[in-house]
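Note: the block below is query-v4.cif and it holds mmCIF, C-alpha atoms.
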data_model
loop_
_atom_site.label_atom_id
_atom_site.label_comp_id
_atom_site.auth_asym_id
_atom_site.auth_seq_id
_atom_site.Cartn_x
_atom_site.Cartn_y
_atom_site.Cartn_z
CA MET A 1344 66.99 46.79 -1.11
CA LYS A 1345 64.77 46.12 1.86
CA ASN A 1346 61.98 44.97 -0.43
CA ASN A 1347 64.37 42.70 -2.28
CA HIS A 1348 65.34 41.08 0.99
CA ILE A 1349 61.69 40.48 1.74
CA LEU A 1350 61.29 39.04 -1.74
CA LEU A 1351 64.31 36.83 -1.32
CA ALA A 1352 62.95 35.57 1.98
CA GLY A 1353 59.68 34.82 0.24
CA PHE A 1354 61.43 32.85 -2.47
CA LEU A 1355 63.44 30.90 0.04
CA VAL A 1356 60.28 30.05 1.91
CA LEU A 1357 58.66 28.90 -1.33
CA ALA A 1358 61.69 26.84 -2.35
CA GLY A 1359 61.77 25.33 1.11
CA PHE A 1360 58.12 24.37 0.83
CA ILE A 1361 58.68 22.69 -2.52
CA THR A 1362 61.68 20.70 -1.41
CA GLY A 1363 60.70 20.06 2.17
CA CYS A 1364 56.94 20.04 2.47
CA THR A 1365 55.98 17.74 -0.35
CA LYS A 1366 54.61 14.51 0.95
CA GLU A 1367 56.94 11.52 0.90
CA PRO A 1368 54.60 8.52 0.52
CA LEU A 1369 57.14 6.05 1.90
CA ASN A 1370 57.05 7.86 5.25
CA ASN A 1371 53.38 7.08 5.50
CA LEU A 1372 53.67 3.31 5.03
CA THR A 1373 53.87 0.68 7.74
CA THR A 1374 56.15 -2.28 7.21
CA GLU A 1375 53.18 -4.43 6.34
CA GLU A 1376 51.89 -1.86 3.87
CA SER A 1377 55.28 -1.73 2.15
CA ARG A 1378 54.92 -5.30 0.98
CA ILE A 1379 53.32 -6.49 -2.22
CA TYR A 1380 52.06 -10.00 -2.87
CA MET A 1381 52.17 -11.23 -6.43
CA THR A 1382 50.80 -14.44 -7.86
CA ASN A 1383 50.77 -15.92 -11.30
CA TYR A 1384 49.90 -19.32 -12.69
CA ASP A 1385 49.65 -21.50 -15.74
CA SER A 1386 46.08 -21.00 -16.89
CA THR A 1387 46.15 -24.26 -18.89
CA VAL A 1388 46.39 -26.24 -15.67
CA ASN A 1389 43.40 -27.59 -13.80
CA PHE A 1390 44.56 -27.42 -10.22
CA SER A 1391 41.85 -29.79 -9.06
CA SER A 1392 43.63 -32.51 -11.01
CA TYR A 1393 46.25 -32.50 -8.26
CA LYS A 1394 45.42 -34.15 -4.97
CA THR A 1395 48.65 -34.59 -3.06
CA PHE A 1396 51.66 -32.46 -2.30
CA SER A 1397 55.03 -32.57 -0.64
CA ILE A 1398 57.00 -29.60 0.57
CA SER A 1399 60.75 -29.18 0.54
CA ASP A 1400 62.29 -29.69 3.97
CA SER A 1401 64.47 -26.59 3.70
CA VAL A 1402 64.53 -23.26 1.95
CA THR A 1403 66.65 -22.31 -1.00
CA VAL A 1404 68.55 -19.08 -0.49
CA VAL A 1405 69.59 -17.26 -3.64
CA ASN A 1406 71.98 -14.49 -2.77
CA ASN A 1407 73.40 -12.54 -5.68
CA GLY A 1408 73.30 -15.58 -7.88
CA ARG A 1409 74.78 -18.02 -5.38
CA ALA A 1410 72.47 -20.65 -3.98
CA THR A 1411 72.50 -22.50 -0.68
CA ARG A 1412 69.93 -24.41 1.30
CA GLU A 1413 69.10 -23.32 4.82
CA LEU A 1414 66.65 -24.06 7.55
CA LYS A 1415 66.43 -21.30 10.11
CA ALA A 1416 63.48 -20.78 12.41
CA THR A 1417 62.06 -18.23 9.99
CA ASP A 1418 62.37 -20.69 7.12
CA GLN A 1419 60.57 -23.34 9.11
CA ALA A 1420 57.80 -20.86 9.85
CA PHE A 1421 57.29 -20.20 6.15
CA ILE A 1422 57.42 -23.94 5.35
CA ASN A 1423 54.79 -24.61 7.98
CA ALA A 1424 52.66 -21.73 6.76
CA ALA A 1425 52.73 -22.98 3.17
CA LYS A 1426 52.01 -26.52 4.33
CA ASN A 1427 48.97 -25.28 6.26
CA GLN A 1428 47.67 -23.31 3.32
CA MET A 1429 48.05 -26.27 0.97
CA LYS A 1430 46.05 -28.37 3.39
CA ALA A 1431 43.47 -25.62 3.83
CA THR A 1432 42.87 -25.61 0.08
CA GLY A 1433 42.24 -29.35 0.12
CA TYR A 1434 45.54 -30.93 -0.84
CA THR A 1435 46.87 -33.89 1.10
CA GLU A 1436 50.45 -33.95 2.29
CA VAL A 1437 52.51 -37.01 1.46
CA GLY A 1438 56.20 -37.81 1.66
CA LYS A 1439 58.23 -36.94 -1.39
CA GLN A 1440 58.92 -40.65 -1.91
CA ASN A 1441 55.15 -41.26 -2.31
CA ASN A 1442 54.83 -39.63 -5.73
CA PRO A 1443 53.22 -36.30 -4.78
CA ASP A 1444 51.29 -34.56 -7.53
CA VAL A 1445 52.72 -31.20 -6.54
CA GLY A 1446 56.07 -30.21 -5.08
CA VAL A 1447 56.34 -27.01 -3.05
CA ASN A 1448 59.55 -25.02 -3.11
CA ILE A 1449 60.22 -21.98 -0.97
CA THR A 1450 63.01 -19.62 -1.89
CA ARG A 1451 64.54 -16.61 -0.21
CA ILE A 1452 65.99 -14.26 -2.79
CA TYR A 1453 68.46 -11.46 -2.26
CA ASN A 1454 70.01 -9.45 -5.01
CA THR A 1455 72.12 -6.60 -3.74
CA SER A 1456 74.61 -6.58 -6.58
CA SER A 1457 74.33 -4.24 -9.53
CA GLY A 1458 72.74 -6.91 -11.65
CA VAL A 1459 69.01 -7.28 -11.81
CA LEU A 1460 67.42 -10.66 -11.37
CA VAL A 1461 64.47 -11.22 -13.63
CA TYR A 1462 62.17 -13.39 -11.65
CA ASP A 1463 61.09 -15.88 -14.25
CA ASN A 1464 64.69 -16.64 -15.13
CA TYR A 1465 65.89 -17.48 -11.70
CA TYR A 1466 64.87 -21.08 -11.68
CA ASN A 1467 67.20 -22.14 -14.44
CA GLY A 1468 69.65 -19.31 -14.19
CA TYR A 1469 71.79 -20.35 -11.30
CA GLY A 1470 73.14 -23.78 -11.97
CA GLY A 1471 70.27 -25.83 -10.74
CA TYR A 1472 70.31 -24.65 -7.17
CA ASN A 1473 66.86 -26.11 -6.82
CA ASP A 1474 68.14 -29.49 -7.83
CA PRO A 1475 65.27 -31.39 -9.47
CA TYR A 1476 66.97 -34.53 -8.16
CA TYR A 1477 65.40 -33.66 -4.81
CA TRP A 1478 62.02 -34.41 -6.35
CA GLY A 1479 63.26 -37.54 -8.07
CA TYR A 1480 63.71 -35.95 -11.48
CA GLY A 1481 67.43 -35.47 -11.76
CA GLY A 1482 68.46 -33.91 -15.09
CA TYR A 1483 65.07 -32.36 -15.77
CA ASN A 1484 64.72 -28.64 -16.44
CA TYR A 1485 62.25 -26.37 -14.79
CA TYR A 1486 59.84 -24.48 -16.99
CA MET A 1487 57.69 -21.47 -16.15
CA PRO A 1488 55.10 -20.82 -18.90
CA TYR A 1489 54.34 -17.30 -17.63
CA GLY A 1490 56.31 -14.40 -16.29
CA TYR A 1491 56.14 -11.15 -14.44
CA ALA A 1492 56.51 -8.68 -17.26
CA THR A 1493 57.96 -5.69 -15.53
CA TYR A 1494 59.09 -6.76 -12.12
CA THR A 1495 62.65 -7.34 -11.18
CA ILE A 1496 64.15 -8.18 -7.84
CA ARG A 1497 66.70 -5.86 -6.33
CA GLU A 1498 65.96 -6.55 -2.69
CA GLY A 1499 64.79 -9.35 -0.46
CA ALA A 1500 61.92 -11.45 -1.65
CA LEU A 1501 60.33 -14.76 -0.85
CA SER A 1502 58.70 -17.07 -3.32
CA VAL A 1503 56.52 -20.13 -3.02
CA ASP A 1504 56.39 -22.25 -6.14
CA LEU A 1505 54.16 -25.19 -6.99
CA LEU A 1506 55.83 -27.77 -9.24
CA ASP A 1507 53.91 -30.16 -11.44
CA LEU A 1508 55.45 -33.49 -10.48
CA LYS A 1509 52.43 -35.47 -11.61
CA ASN A 1510 53.16 -34.81 -15.26
CA ALA A 1511 56.93 -34.28 -15.07
CA ALA A 1512 57.86 -37.61 -16.58
CA ALA A 1513 55.35 -37.25 -19.41
CA ASN A 1514 56.44 -33.67 -20.13
CA ASN A 1515 60.12 -34.41 -19.64
CA LYS A 1516 60.35 -31.21 -17.57
CA ILE A 1517 59.05 -29.80 -14.33
CA ASP A 1518 56.45 -27.11 -14.92
CA ILE A 1519 56.17 -24.39 -12.33
CA VAL A 1520 52.41 -24.09 -12.38
CA TRP A 1521 51.93 -21.45 -9.66
CA THR A 1522 54.14 -18.85 -8.08
CA GLY A 1523 53.56 -16.61 -5.12
CA LEU A 1524 56.07 -13.83 -4.62
CA ILE A 1525 56.37 -11.50 -1.64
CA ARG A 1526 58.42 -8.34 -1.97
CA GLY A 1527 59.03 -5.45 0.37
CA SER A 1528 60.24 -4.72 3.87
CA GLY A 1529 60.24 -6.98 6.91
CA ILE A 1530 59.31 -10.17 5.09
CA PHE A 1531 61.50 -12.44 7.14
CA SER A 1532 60.69 -10.80 10.46
CA GLY A 1533 56.98 -10.57 9.73
CA ASP A 1534 54.10 -12.95 10.32
CA ALA A 1535 54.77 -15.93 8.02
CA ASN A 1536 51.22 -17.28 8.27
CA ALA A 1537 49.59 -13.99 7.35
CA GLN A 1538 51.93 -13.41 4.42
CA ILE A 1539 51.54 -16.88 2.94
CA LYS A 1540 47.78 -16.77 3.50
CA THR A 1541 47.61 -13.57 1.44
CA LEU A 1542 49.18 -15.39 -1.51
CA TYR A 1543 46.71 -18.25 -1.32
CA ASP A 1544 43.69 -16.04 -0.66
CA GLN A 1545 44.25 -14.21 -3.95
CA SER A 1546 44.50 -17.53 -5.81
CA PRO A 1547 41.01 -19.06 -5.48
CA TYR A 1548 41.70 -21.53 -8.30
CA LEU A 1549 44.03 -23.45 -5.95
CA LYS A 1550 41.59 -26.12 -4.86
CA THR A 1551 41.08 -29.82 -5.24
CA ASN A 1552 37.46 -29.72 -6.35
CA MET B 766 64.66 17.18 -8.79
CA LYS B 767 64.50 18.59 -12.31
CA ILE B 768 61.21 20.19 -11.43
CA TYR B 769 62.66 21.77 -8.33
CA ALA B 770 65.58 23.12 -10.31
CA VAL B 771 63.30 24.64 -12.92
CA ALA B 772 61.06 26.14 -10.26
CA LEU B 773 64.02 27.63 -8.46
CA SER B 774 65.42 29.06 -11.66
CA VAL B 775 62.03 30.62 -12.41
CA LEU B 776 61.98 32.15 -8.98
CA ALA B 777 65.52 33.37 -9.36
CA THR B 778 64.61 34.93 -12.69
CA MET B 779 61.69 36.66 -11.07
CA LEU B 780 63.93 37.90 -8.27
CA PHE B 781 66.60 39.36 -10.48
CA THR B 782 64.17 41.02 -12.84
CA THR B 783 62.47 42.97 -10.08
CA GLU B 784 65.21 45.58 -9.93
CA SER B 785 64.44 46.96 -13.38
CA PHE B 786 60.69 46.68 -13.00
CA SER B 787 60.76 48.31 -9.63
CA GLN B 788 61.90 51.54 -11.14
CA ALA B 789 58.21 52.32 -11.51
CA PRO B 790 56.89 52.84 -7.97
CA ASN B 791 53.83 50.83 -6.96
CA LYS B 792 53.57 49.19 -10.32
CA VAL B 793 55.54 46.12 -9.49
CA GLN B 794 54.12 43.89 -6.80
CA PHE B 795 54.62 40.48 -5.40
CA GLN B 796 51.90 38.12 -4.24
CA LEU B 797 52.50 35.22 -1.95
CA GLY B 798 49.65 32.89 -1.19
CA TYR B 799 48.56 29.59 0.26
CA ASN B 800 46.51 27.25 -1.92
CA ILE B 801 44.16 24.39 -1.44
CA SER B 802 43.20 22.44 -4.53
CA ALA B 803 40.62 19.76 -5.29
CA PRO B 804 41.15 17.39 -8.23
CA LEU B 805 38.35 17.11 -10.77
CA ASN B 806 37.36 14.78 -13.60
CA SER B 807 39.95 12.18 -14.56
CA PHE B 808 42.46 13.41 -11.99
CA LYS B 809 39.89 12.84 -9.25
CA ASN B 810 38.30 9.69 -10.61
CA ASP B 811 41.41 7.87 -11.77
CA TYR B 812 44.16 8.91 -9.43
CA ILE B 813 43.62 11.19 -6.41
CA SER B 814 40.31 12.33 -4.98
CA ASN B 815 41.75 13.97 -1.85
CA THR B 816 41.91 17.73 -1.69
CA SER B 817 45.47 19.00 -1.46
CA PHE B 818 46.17 21.37 1.42
CA ASN B 819 49.81 21.60 0.45
CA GLY B 820 50.25 24.40 -2.03
CA VAL B 821 51.92 27.76 -2.37
CA THR B 822 51.78 30.38 -5.12
CA GLY B 823 54.05 33.32 -5.79
CA GLN B 824 53.30 35.88 -8.46
CA LEU B 825 55.23 38.88 -9.69
CA THR B 826 52.86 41.45 -11.25
CA TYR B 827 53.23 44.62 -13.23
CA ALA B 828 50.38 47.11 -13.25
CA ILE B 829 49.76 48.22 -16.81
CA SER B 830 46.93 50.41 -15.60
CA PRO B 831 45.09 50.83 -12.29
CA ALA B 832 42.62 48.21 -13.45
CA PHE B 833 44.80 45.76 -15.32
CA SER B 834 48.00 43.96 -14.48
CA LEU B 835 50.14 41.21 -15.95
CA GLY B 836 51.93 38.67 -13.82
CA LEU B 837 54.27 35.74 -13.89
CA GLN B 838 53.04 33.05 -11.51
CA SER B 839 54.69 29.96 -10.11
CA GLY B 840 54.56 27.80 -7.01
CA TYR B 841 53.59 24.24 -6.35
CA GLN B 842 50.71 21.98 -5.37
CA ASP B 843 51.34 18.56 -3.93
CA TYR B 844 48.63 15.90 -4.16
CA TYR B 845 48.70 12.59 -2.35
CA GLN B 846 46.42 9.70 -1.55
CA LYS B 847 46.95 6.28 -0.07
CA TYR B 848 44.55 3.47 -0.93
CA GLY B 849 44.19 0.51 1.43
CA ARG B 850 45.37 -2.93 0.48
CA ALA B 851 43.47 -4.29 -2.49
CA ILE B 852 43.95 -6.83 -5.25
CA TYR B 853 44.85 -5.63 -8.72
CA HIS B 854 44.85 -7.70 -11.91
CA THR B 855 47.91 -6.34 -13.65
CA GLN B 856 48.35 -8.42 -16.79
CA GLY B 857 47.45 -11.88 -17.91
CA ASN B 858 46.89 -13.96 -14.82
CA GLU B 859 49.18 -11.88 -12.67
CA VAL B 860 47.55 -10.59 -9.51
CA VAL B 861 49.10 -8.12 -7.09
CA SER B 862 47.91 -7.34 -3.59
CA ALA B 863 49.22 -3.94 -2.62
CA VAL B 864 48.69 -0.70 -0.80
CA ILE B 865 48.83 1.95 -3.50
CA SER B 866 50.11 5.45 -2.83
CA ASN B 867 49.51 8.04 -5.52
CA SER B 868 51.30 11.35 -5.54
CA MET B 869 51.45 14.23 -7.98
CA LEU B 870 53.51 17.38 -7.69
CA VAL B 871 52.47 20.20 -10.00
CA VAL B 872 54.69 23.25 -10.51
CA PRO B 873 52.99 25.73 -12.83
CA LEU B 874 54.58 28.63 -14.66
CA LEU B 875 51.82 30.91 -15.94
CA VAL B 876 51.45 34.31 -17.47
CA ASN B 877 48.44 35.86 -15.77
CA GLY B 878 46.27 38.82 -16.61
CA THR B 879 44.22 40.35 -13.81
CA TYR B 880 41.38 42.82 -14.19
CA SER B 881 40.13 44.82 -11.24
CA PRO B 882 37.05 46.77 -12.39
CA MET B 883 37.16 49.07 -9.36
CA GLY B 884 40.90 49.50 -9.42
CA LYS B 885 40.80 53.11 -10.51
CA LYS B 886 39.53 54.37 -7.19
CA PRO B 887 40.08 53.47 -3.53
CA ALA B 888 37.69 50.92 -2.06
CA ILE B 889 37.38 48.68 0.96
CA ILE B 890 37.19 45.65 -1.32
CA GLN B 891 38.62 45.34 -4.81
CA PRO B 892 37.10 42.46 -6.76
CA TYR B 893 39.14 40.95 -9.56
CA VAL B 894 39.00 38.34 -12.28
CA SER B 895 42.04 36.70 -13.79
CA ALA B 896 43.05 34.38 -16.57
CA GLY B 897 46.35 32.78 -17.33
CA ALA B 898 48.11 30.21 -19.44
CA GLY B 899 51.45 28.52 -19.43
CA VAL B 900 53.01 25.20 -18.63
CA SER B 901 53.06 22.96 -15.60
CA MET B 902 55.86 20.65 -14.69
CA VAL B 903 54.26 17.48 -13.42
CA SER B 904 55.96 14.87 -11.29
CA TYR B 905 53.93 11.65 -11.23
CA LYS B 906 54.80 8.95 -8.76
CA GLN B 907 52.82 5.84 -7.93
CA TYR B 908 53.89 3.31 -5.33
CA LEU B 909 52.79 -0.30 -5.13
CA GLY B 910 53.78 -0.92 -1.55
CA GLU B 911 57.25 0.58 -1.42
CA PHE B 912 57.93 0.17 -5.12
CA PRO B 913 57.58 3.33 -7.19
CA THR B 914 57.00 4.09 -10.80
CA SER B 915 57.49 7.70 -11.75
CA SER B 916 57.64 10.11 -14.64
CA ASN B 917 58.22 13.82 -15.10
CA SER B 918 56.59 15.79 -17.86
CA ALA B 919 55.27 19.17 -18.88
CA ALA B 920 51.63 20.00 -19.52
CA PHE B 921 49.92 22.99 -21.07
CA THR B 922 47.95 24.74 -18.35
CA ALA B 923 45.22 27.36 -18.39
CA SER B 924 43.64 29.00 -15.39
CA ALA B 925 40.72 31.28 -14.65
CA GLY B 926 40.04 32.86 -11.30
CA ALA B 927 38.12 35.45 -9.36
CA GLY B 928 38.30 36.92 -5.89
CA ILE B 929 38.76 40.00 -3.81
CA LEU B 930 41.61 42.13 -2.57
CA VAL B 931 41.12 43.74 0.81
CA PRO B 932 43.57 46.68 0.84
CA PHE B 933 45.76 47.27 3.87
CA ASN B 934 45.08 50.96 3.45
CA ARG B 935 41.98 52.39 1.86
CA ASN B 936 44.05 55.01 0.09
CA ASN B 937 46.30 52.40 -1.48
CA SER B 938 44.28 49.72 -3.17
CA ASN B 939 47.31 47.93 -4.63
CA THR B 940 48.38 46.04 -1.54
CA GLY B 941 46.39 43.95 0.88
CA PHE B 942 45.00 40.55 1.65
CA LYS B 943 43.83 38.53 -1.29
CA LEU B 944 41.20 35.79 -1.34
CA GLY B 945 40.24 33.94 -4.44
CA ALA B 946 39.16 30.81 -6.24
CA SER B 947 40.37 29.37 -9.49
CA TYR B 948 39.67 26.69 -12.03
CA ASN B 949 42.71 25.09 -13.61
CA TYR B 950 42.96 22.97 -16.70
CA ALA B 951 46.10 20.96 -17.43
CA ALA B 952 46.43 18.85 -20.56
CA TYR B 953 47.93 15.71 -19.12
CA ASN B 954 47.17 12.54 -21.02
CA LYS B 955 49.34 9.74 -19.69
CA ASN B 956 49.62 7.24 -16.87
CA GLY B 957 45.92 6.46 -17.26
CA LEU B 958 44.86 10.08 -16.80
CA SER B 959 43.22 12.34 -19.36
CA ASN B 960 43.67 15.66 -17.55
CA LEU B 961 44.79 17.28 -14.31
CA ASN B 962 41.85 19.62 -13.86
CA THR B 963 41.43 21.19 -10.44
CA ILE B 964 39.45 23.79 -8.59
CA GLY B 965 41.18 25.71 -5.88
CA ALA B 966 40.99 28.40 -3.27
CA ASN B 967 43.80 30.67 -2.22
CA ALA B 968 44.61 33.28 0.37
CA GLY B 969 47.63 35.51 0.48
CA VAL B 970 49.13 38.94 0.65
CA VAL B 971 50.05 41.46 -2.02
CA PHE B 972 52.82 43.94 -1.36
CA ASN B 973 54.73 46.51 -3.33
CA LEU B 974 58.30 45.80 -4.20
CA LYS B 975 59.26 49.43 -4.04
#

Could the structure of this file be written out as structure tokens, please?
Amino acid sequence: MKNNHILLAGFLVLAGFITGCTKEPLNNLTTEESRIYMTNYDSTVNFSSYKTFSISDSVTVVNNGRATRELKATDQAFINAAKNQMKATGYTEVGKQNNPDVGVNITRIYNTSSGVLVYDNYYNGYGGYNDPYYWGYGGYNYYMPYGYATYTIREGALSVDLLDLKNAAANNKIDIVWTGLIRGSGIFSGDANAQIKTLYDQSPYLKTN
Amino acid sequence: MKIYAVALSVLATMLFTTESFSQAPNKVQFQLGYNISAPLNSFKNDYISNTSFNGVTGQLTYAISPAFSLGLQSGYQDYYQKYGRAIYHTQGNEVVSAVISNSMLVVPLLVNGTYSPMGKKPAIIQPYVSAGAGVSMVSYKQYLGEFPTSSNSAAFTASAGAGILVPFNRNNSNTGFKLGASYNYAAYNKNGLSNLNTIGANAGVVFNLK
């Protein structure tokens, strides 16, 4: 019996090691490391054909399928960061009434309900929350010619989208020609400039010449 | 969790079978050891190159003769590696910047044969060689940032090892401290890997159950 007790203790130690001593990778990640930065674009587009841009003056907030527009300090920080990156890549900012070649939309996305939001559906999936009328193309649909095959959004995310306004009238739709998507922890409390810069840095084709 | 449940059931089986085995004095033994393990080949090149210092092995053995024993071995080895932020081209024009964390938990269940050429007589050191085969339950988990993909599966596993037993008592060469090394092959062909081969070192104790 004594030996069996020793054996049992040994087994309990082993079971404890398996369940308790295996490494949990999430415990070894900083907030910054938890985030991923995804970009995708329409490869048929020559981004140097665009010269001017305008950026939306507020941020769209999609929360479980309901959309509002907001402008908190954090939103302004991301707007400014995107504006700076567009300028850094050579694009010239103009007012939206001056026929910009590219429109820039920024969206905060939350999806805490049981449903799963497939990213490339969100633009047309929620009743036109990003009203194309804002860009002077009321009644047009948005179109994203690419998608993120496997990624869905169940948590907070932030996206920056470049809209082809230059060819909207000719195409009879607004093509979303580039998307940057940030997912993970601490997005809205983190450094907006650094996060937006990461999206642009991994997209070297965003340039005017 | 399935892997843990299977491992625990294996251990429980080993525990409750000891009573009948232990009717033969000094023939039934238990070994408990600490393992380190270094990935090789595809496992090392494609997934984790870090050596794992997080492993434990338990083995219940039955001495068929003074020189030869059969054992049922289980335990676990946990592998982990974090790669700094880098850019990955995932599909089409999609690019992802991420810190990638790779982890692999391997829980083997092997039938082992051990041969101790000097086992018939007392000695200060008893060398041994061993060979085993069985199945490993493999828990694969890869994180892009905080986002995991995972899969659990089973893989045929074979192992060969050698080492020494330093008996506690020169007159009883069955029990003592054990030091050894092993080469392990696991047929794992998924998630971009073609095997889970490893080389390892272990240290532990061997004691009689009765």

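Taking CA of Leu1414 (chain A) and CA of Ser1401 (chain A) as the two end points, the separation is 5.1 Å.
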
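Once Thr914 (chain B) and its same-chain neighbours fewer than 2 positions away are set aside, Thr1493 and Tyr1494 of chain A; Ile865, Ser866, Asn867, Ser868, Met869, Ser904, Tyr905, Lys906, Gln907, Tyr908, Leu909, Gly910, Glu911, Phe912, Ser916, Asn917 and Asn956 of chain B remain within 12 Å of it when counting only C-alpha atoms.
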
Report task. Within 6 Å of region 819-832 of chain B, counting all atoms listed in the file, which residues show up once you throw out same-chain ones fewer than 6 positions away? Write them as an NGL selection string, please. Result -> :B and (792-800 or 838-843 or 880-882 or 884-885)

Query raised in the report: Once you count only C-alpha atoms, which residues of chain A turn out to be within 6 Å of chain B? Could you give them as a list in words?
Result: Asn1346, Thr1365, Glu1376, Ser1377, Arg1378, Ile1379, Tyr1380, Met1381, Thr1382 and Asn1383 of chain A

**Report entry** Residues near region 1535-1548 of chain A, cut-off 6 Å, only C-alpha atoms, skip fewer than 3 positions along chain, as a PyMOL selection string
**Finding:** chain A and resi 1421+1424+1523

Requested in this report: Name the residues, using the chain letters and numbers of the file, that sit within 6 Å of (59.8, -36.8, -5.4) when counting only C-alpha atoms, and give them as a VMD selection string.
Outcome: chain A and resid 1439 to 1440 1442 1478 to 1479

Requested in this report: Tell me which protein, DNA and RNA residues are within 12 Å of Asp1474 (chain A), counting only C-alpha atoms, leaving out same-chain ones fewer than 6 positions away, and put them as a ChimeraX atom specification.
Outcome: /A:1399,1403,1410-1412,1448,1466-1467,1480-1485,1517

Restricted to C-alpha atoms, what would the selected residues look like written as a PDB file, keeping the file's coordinate frame?
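That gives us selection15.pdb:
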ATOM      1  CA  SER A1399      60.750 -29.180   0.540  1.00  0.00           C
ATOM      2  CA  THR A1403      66.650 -22.310  -1.000  1.00  0.00           C
ATOM      3  CA  ALA A1410      72.470 -20.650  -3.980  1.00  0.00           C
ATOM      4  CA  THR A1411      72.500 -22.500  -0.680  1.00  0.00           C
ATOM      5  CA  ARG A1412      69.930 -24.410   1.300  1.00  0.00           C
ATOM      6  CA  ASN A1448      59.550 -25.020  -3.110  1.00  0.00           C
ATOM      7  CA  TYR A1466      64.870 -21.080 -11.680  1.00  0.00           C
ATOM      8  CA  ASN A1467      67.200 -22.140 -14.440  1.00  0.00           C
ATOM      9  CA  TYR A1480      63.710 -35.950 -11.480  1.00  0.00           C
ATOM     10  CA  GLY A1481      67.430 -35.470 -11.760  1.00  0.00           C
ATOM     11  CA  GLY A1482      68.460 -33.910 -15.090  1.00  0.00           C
ATOM     12  CA  TYR A1483      65.070 -32.360 -15.770  1.00  0.00           C
ATOM     13  CA  ASN A1484      64.720 -28.640 -16.440  1.00  0.00           C
ATOM     14  CA  TYR A1485      62.250 -26.370 -14.790  1.00  0.00           C
ATOM     15  CA  ILE A1517      59.050 -29.800 -14.330  1.00  0.00           C
TER      16      ILE A1517
END

Requested in this report: Work out how far CA of Ala951 (chain B) is from CA of Asp811 (chain B), in Å to one decimal.
Outcome: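 About the pair CA of Asp811 (chain B) and CA of Ala951 (chain B): they are 15.0 Å apart.
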
Could you put an axis-aligned box around every listed atom of region 844-852 of chain B, padded by 3 Å on each side, and send me its centre and edge lengths in Å to one decimal, as AutoDock Vina command-line options?
--center_x 46.1 --center_y 4.5 --center_z -1.9 --size_x 11.2 --size_y 28.7 --size_z 12.7

Name the residues in contact with Ala803 (chain B) at a cut-off of 10 Å, using all atoms listed in the file, excluding same-chain residues fewer than 2 positions from it; report them as a PDB file with C-alpha atoms, in the coordinates of the input.
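Just written: part_19.pdb:
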ATOM      1  CA  ILE B 801      44.160  24.390  -1.440  1.00  0.00           C
ATOM      2  CA  LEU B 805      38.350  17.110 -10.770  1.00  0.00           C
ATOM      3  CA  PHE B 808      42.460  13.410 -11.990  1.00  0.00           C
ATOM      4  CA  LYS B 809      39.890  12.840  -9.250  1.00  0.00           C
ATOM      5  CA  ILE B 813      43.620  11.190  -6.410  1.00  0.00           C
ATOM      6  CA  SER B 814      40.310  12.330  -4.980  1.00  0.00           C
ATOM      7  CA  ASN B 815      41.750  13.970  -1.850  1.00  0.00           C
ATOM      8  CA  THR B 816      41.910  17.730  -1.690  1.00  0.00           C
ATOM      9  CA  SER B 817      45.470  19.000  -1.460  1.00  0.00           C
ATOM     10  CA  PHE B 818      46.170  21.370   1.420  1.00  0.00           C
ATOM     11  CA  TYR B 844      48.630  15.900  -4.160  1.00  0.00           C
ATOM     12  CA  TYR B 948      39.670  26.690 -12.030  1.00  0.00           C
ATOM     13  CA  ASN B 962      41.850  19.620 -13.860  1.00  0.00           C
ATOM     14  CA  THR B 963      41.430  21.190 -10.440  1.00  0.00           C
ATOM     15  CA  ILE B 964      39.450  23.790  -8.590  1.00  0.00           C
ATOM     16  CA  GLY B 965      41.180  25.710  -5.880  1.00  0.00           C
ATOM     17  CA  ALA B 966      40.990  28.400  -3.270  1.00  0.00           C
TER      18      ALA B 966
END

Report task. To one decimal in Å, tell me the separation between CA of Tyr1434 (chain A) and CA of Asp1385 (chain A). Result ->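 Computed distance, CA of Tyr1434 (chain A) to CA of Asp1385 (chain A), equals 18.1 Å.
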
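Considering only C-alpha atoms, the residue among A:Val1404, A:Ala1425, A:Ile1398, A:Ala1420 positioned nearest to Leu1508 (chain A) is A:Ile1398.
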
**Report entry** Counting all atoms listed in the file, the residue of A:Asn1441, A:Ser1397, A:Thr1374, A:Thr1450 that sits nearest Lys1426 (chain A)
**Finding:** A:Ser1397

Report task. Could you tell me which residues the PyMOL selection byres ((chain A and resi 1445) around 9) grabs in this file, written as a list of chain:residue names? Result ->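 Given this file, the PyMOL selection byres ((chain A and resi 1445) around 9) evaluates to A:Tyr1393, A:Lys1394, A:Thr1395, A:Phe1396, A:Ser1397, A:Ile1398, A:Asn1442, A:Pro1443, A:Asp1444, A:Gly1446, A:Val1447, A:Leu1505, A:Leu1506, A:Asp1507, A:Leu1508, A:Lys1509.
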